[in-house]
Amino acid sequence: MITSMTPANSLPFRTFAPWLRETFGRPMYRVALDAGSTCPNRDGTRGFGGCVYCDVEGSGTGALRTGEEIARQLEVGLKRIARRDDDCGCIAYLQSYSNTYVAASRLDEVLAPIEIAIDEGKVGIVSVATRPDTLPEWSLERLSRLAERVPVWVELGLESANDKVLEDIKRYHTAAEFTEGVRRCHEAGLKTVGHAILGLPGDGREGARKSAELLADAGCEGIKVHNLMVLKKTVLANWWREGKVEVLEPDTYVQWLADFVERLLPNQVLHRITGDAPIEERLAPHWDLYKNEIRERLAAELNSRGTKQGSLSLAASQ
Ligand code: SF4
């Protein structure tokens, strides 16, 4: 158990909350919004059944939410974060499924209550989760107009830089499609947050390194990374029960995570360094380390190597 925490400015990597405070002048908290979107990897457009680790219930409802319902979710979330800190700002986070996999009028409907909250000074950042192969031009134009008012982040899953691994886990997009998605977002004036999973079947330690290199090369401003988790009601759960999949032990995860962080750009912001699936939805791993514990272990690992974020970045040295 970690009893004292290293101050953020002494950590050998760049963490999210201090960066938000520095950049926006106050704490910023996420309010997760479920717009009831769906996913092209579930309805047959790219694939059926979804990625092998994706829990259909955990990823969203799939039931379309009205504009009023989204406004209500936002209102409840704003009250919740205000109880935490009455001088905080809000990140409106369209989290579930692929939020640009909708009709243009639908994205307008979803964004309308968020734009009212922006007008009222209640929302300072909008974050939109989607797939790298699901970014129609009109959606980038729409988000680009929004980005004239507040920073807009597009969250895109890479998960692995290895196309064979992506195929095996049924992501049904390629690493090149991820890079192209990031490039198009940047061209539209949007920021990007790239996601990676360490420990995917067949990816290995070298895969963790390659994922970081690709995320650095693509120039995502933010990074989310976590260890592979086996959730109930997923295809991965069957593979795990059949002994076809292993999950990482904490020491191994921290070592691979250190490899990963060393290969990022020094200025990429780590939005997340561990998974947070509730224990009751998870079959493996059984270990549960608090975010701060992973943070301290990662700092200790990098310090023992004499390295820090970006030390081995190929993209930074070009
Ligand atoms: S793309 Fe996202 S929402 Fe769709 S199946 Fe994969 S993890 Fe789930």
# chains A, B, ... in the order shown; residues from 1 in each chain; ligands from 1

call {"tool": "residues_around", "arguments": {"residues": "Ile70 (chain A)", "least_positions_apart": "2", "cutoff": "12 Å", "atoms": "only C-alpha atoms", "output": "PyMOL selection string"}}
result
chain A and resi 31-37+64-68+72-77+92-94+107+109-117

call {"tool": "select_by_dssp", "arguments": {"residues": "region 136-298 of chain A", "states": "alpha helix (DSSP H)", "output": "number ranges by chain"}}
result
A: 137-146, 163-168, 175-187, 204-218, 235-241, 250-262, 291-298

call {"tool": "write_last_selection", "arguments": {"atoms": "C-alpha atoms", "output": "mmCIF file, in the first residue's frame"}}
result
data_model
loop_
_atom_site.group_PDB
_atom_site.id
_atom_site.type_symbol
_atom_site.label_atom_id
_atom_site.label_comp_id
_atom_site.auth_asym_id
_atom_site.auth_seq_id
_atom_site.Cartn_x
_atom_site.Cartn_y
_atom_site.Cartn_z
ATOM 1 C CA GLU A 137 -15.968 14.284 -43.256
ATOM 2 C CA TRP A 138 -19.180 15.967 -42.060
ATOM 3 C CA SER A 139 -18.497 14.822 -38.475
ATOM 4 C CA LEU A 140 -15.015 16.349 -38.525
ATOM 5 C CA GLU A 141 -16.459 19.590 -39.914
ATOM 6 C CA ARG A 142 -19.120 19.624 -37.173
ATOM 7 C CA LEU A 143 -16.573 18.988 -34.405
ATOM 8 C CA SER A 144 -14.215 21.486 -35.975
ATOM 9 C CA ARG A 145 -16.899 24.211 -35.636
ATOM 10 C CA LEU A 146 -17.333 23.205 -31.994
ATOM 11 C CA ASP A 163 -2.568 -5.642 -37.612
ATOM 12 C CA LYS A 164 -2.552 -9.389 -36.973
ATOM 13 C CA VAL A 165 -3.381 -8.786 -33.300
ATOM 14 C CA LEU A 166 -6.102 -6.307 -34.323
ATOM 15 C CA GLU A 167 -7.570 -8.936 -36.622
ATOM 16 C CA ASP A 168 -7.401 -11.656 -33.969
ATOM 17 C CA ALA A 175 -2.983 0.543 -37.476
ATOM 18 C CA ALA A 176 -2.724 2.600 -40.687
ATOM 19 C CA GLU A 177 -6.418 3.549 -40.370
ATOM 20 C CA PHE A 178 -5.689 4.759 -36.840
ATOM 21 C CA THR A 179 -2.789 6.949 -38.028
ATOM 22 C CA GLU A 180 -4.941 8.340 -40.831
ATOM 23 C CA GLY A 181 -7.819 9.053 -38.411
ATOM 24 C CA VAL A 182 -5.469 10.999 -36.117
ATOM 25 C CA ARG A 183 -4.068 12.952 -39.077
ATOM 26 C CA ARG A 184 -7.555 13.939 -40.259
ATOM 27 C CA CYS A 185 -8.592 15.031 -36.752
ATOM 28 C CA HIS A 186 -5.490 17.210 -36.449
ATOM 29 C CA GLU A 187 -6.143 18.692 -39.863
ATOM 30 C CA GLY A 204 3.636 -9.271 -25.980
ATOM 31 C CA ARG A 205 6.166 -6.854 -24.518
ATOM 32 C CA GLU A 206 7.410 -5.866 -27.961
ATOM 33 C CA GLY A 207 3.816 -5.016 -28.876
ATOM 34 C CA ALA A 208 3.616 -2.580 -25.955
ATOM 35 C CA ARG A 209 6.729 -0.851 -27.281
ATOM 36 C CA LYS A 210 5.436 -0.747 -30.850
ATOM 37 C CA SER A 211 2.078 0.700 -29.743
ATOM 38 C CA ALA A 212 3.858 3.545 -27.935
ATOM 39 C CA GLU A 213 6.067 4.205 -30.955
ATOM 40 C CA LEU A 214 3.038 4.431 -33.219
ATOM 41 C CA LEU A 215 1.154 6.717 -30.794
ATOM 42 C CA ALA A 216 4.228 8.960 -30.580
ATOM 43 C CA ASP A 217 4.612 8.993 -34.331
ATOM 44 C CA ALA A 218 0.940 9.863 -34.840
ATOM 45 C CA VAL A 235 -15.651 -13.517 -26.208
ATOM 46 C CA LEU A 236 -12.392 -12.997 -24.324
ATOM 47 C CA ALA A 237 -14.013 -14.536 -21.244
ATOM 48 C CA ASN A 238 -14.502 -17.794 -23.194
ATOM 49 C CA TRP A 239 -10.898 -17.709 -24.397
ATOM 50 C CA TRP A 240 -9.707 -17.103 -20.834
ATOM 51 C CA ARG A 241 -11.802 -19.992 -19.464
ATOM 52 C CA PRO A 250 1.182 -6.224 -11.615
ATOM 53 C CA ASP A 251 5.012 -6.358 -11.755
ATOM 54 C CA THR A 252 4.965 -7.374 -15.416
ATOM 55 C CA TYR A 253 2.411 -4.694 -16.266
ATOM 56 C CA VAL A 254 4.528 -1.998 -14.608
ATOM 57 C CA GLN A 255 7.627 -3.124 -16.537
ATOM 58 C CA TRP A 256 5.781 -3.110 -19.870
ATOM 59 C CA LEU A 257 4.155 0.192 -18.981
ATOM 60 C CA ALA A 258 7.603 1.661 -18.303
ATOM 61 C CA ASP A 259 8.757 0.433 -21.743
ATOM 62 C CA PHE A 260 5.648 2.059 -23.221
ATOM 63 C CA VAL A 261 6.093 5.416 -21.465
ATOM 64 C CA GLU A 262 9.789 5.604 -22.398
ATOM 65 C CA LYS A 291 -4.359 4.342 -9.692
ATOM 66 C CA ASN A 292 -1.925 6.017 -7.324
ATOM 67 C CA GLU A 293 -0.229 2.723 -6.580
ATOM 68 C CA ILE A 294 0.428 2.049 -10.273
ATOM 69 C CA ARG A 295 1.623 5.641 -10.624
ATOM 70 C CA GLU A 296 4.134 5.213 -7.773
ATOM 71 C CA ARG A 297 5.313 1.821 -9.030
ATOM 72 C CA LEU A 298 5.788 3.195 -12.537
#

call {"tool": "closest_residue", "arguments": {"among": "A:Arg30, A:Lys170, A:Arg80, A:His271", "to": "ligand 1", "atoms": "only C-alpha atoms and all ligand atoms"}}
result
A:Lys170

call {"tool": "closest_residue", "arguments": {"among": "A:Lys122, A:Arg42, A:Lys191, A:Arg272", "to": "ligand 1", "atoms": "only C-alpha atoms and all ligand atoms"}}
result
A:Arg42

call {"tool": "residues_near_ligand", "arguments": {"ligand": "ligand 1", "cutoff": "8 Å", "atoms": "only C-alpha atoms and all ligand atoms", "output": "ChimeraX atom specification"}}
result
/A:38-42,49-56,59-60,96-98,130-131,157,170-171

call {"tool": "write_last_selection", "arguments": {"atoms": "C-alpha atoms", "output": "CSV table (one decimal), in the first residue's frame"}}
result
chain,number,residue,atom,x,y,z
A,38,THR,CA,-23.9,2.0,-31.6
A,39,CYS,CA,-20.8,0.6,-33.2
A,40,PRO,CA,-20.0,-0.5,-36.8
A,41,ASN,CA,-18.1,-3.4,-35.3
A,42,ARG,CA,-21.4,-4.8,-33.8
A,49,GLY,CA,-20.3,-9.2,-32.1
A,50,GLY,CA,-17.7,-6.5,-31.4
A,51,CYS,CA,-14.1,-6.6,-30.2
A,52,VAL,CA,-13.4,-9.7,-28.2
A,53,TYR,CA,-12.9,-7.8,-24.9
A,54,CYS,CA,-15.9,-5.5,-25.3
A,55,ASP,CA,-18.8,-6.0,-22.9
A,56,VAL,CA,-21.9,-5.0,-24.8
A,59,SER,CA,-20.0,0.0,-23.5
A,60,GLY,CA,-23.3,1.7,-23.6
A,96,SER,CA,-20.1,5.0,-25.0
A,97,TYR,CA,-19.6,3.3,-28.4
A,98,SER,CA,-18.8,5.2,-31.6
A,130,THR,CA,-15.2,6.9,-31.6
A,131,ARG,CA,-13.4,4.5,-33.9
A,157,GLY,CA,-8.7,3.2,-30.0
A,170,LYS,CA,-11.8,-8.6,-34.1
A,171,ARG,CA,-11.1,-4.8,-34.0

call {"tool": "atom_distance", "arguments": {"atom1": "CA of Pro18 (chain A)", "atom2": "CA of Trp287 (chain A)"}}
result
27.0 Å

call {"tool": "select_by_dssp", "arguments": {"residues": "region 68-313 of chain A", "states": "strand (DSSP E)", "output": "ChimeraX atom specification"}}
result
/A:89-94,125-130,152-159,191-198,222-227,230-231,269-272,282-284

call {"tool": "atom_distance", "arguments": {"atom1": "CA of Ala8 (chain A)", "atom2": "CA of Ala299 (chain A)"}}
result
10.4 Å

call {"tool": "residues_around", "arguments": {"residues": "Ile197 (chain A)", "least_positions_apart": "5", "cutoff": "8 Å", "atoms": "only C-alpha atoms", "output": "PyMOL selection string"}}
result
chain A and resi 159-160+208+225-228

call {"tool": "write_last_selection", "arguments": {"atoms": "C-alpha atoms", "output": "compact mmCIF listing (two decimals), in the first residue's frame"}}
result
# COMPACT_ATOMS: atom_id res chain seq x y z
CA GLU A 159 -5.17 -0.87 -28.90
CA SER A 160 -2.27 -2.54 -30.75
CA ALA A 208 3.62 -2.58 -25.96
CA VAL A 225 -3.31 2.89 -21.61
CA HIS A 226 -4.36 -0.03 -19.48
CA ASN A 227 -3.69 -3.70 -18.93
CA LEU A 228 -5.90 -6.31 -20.61
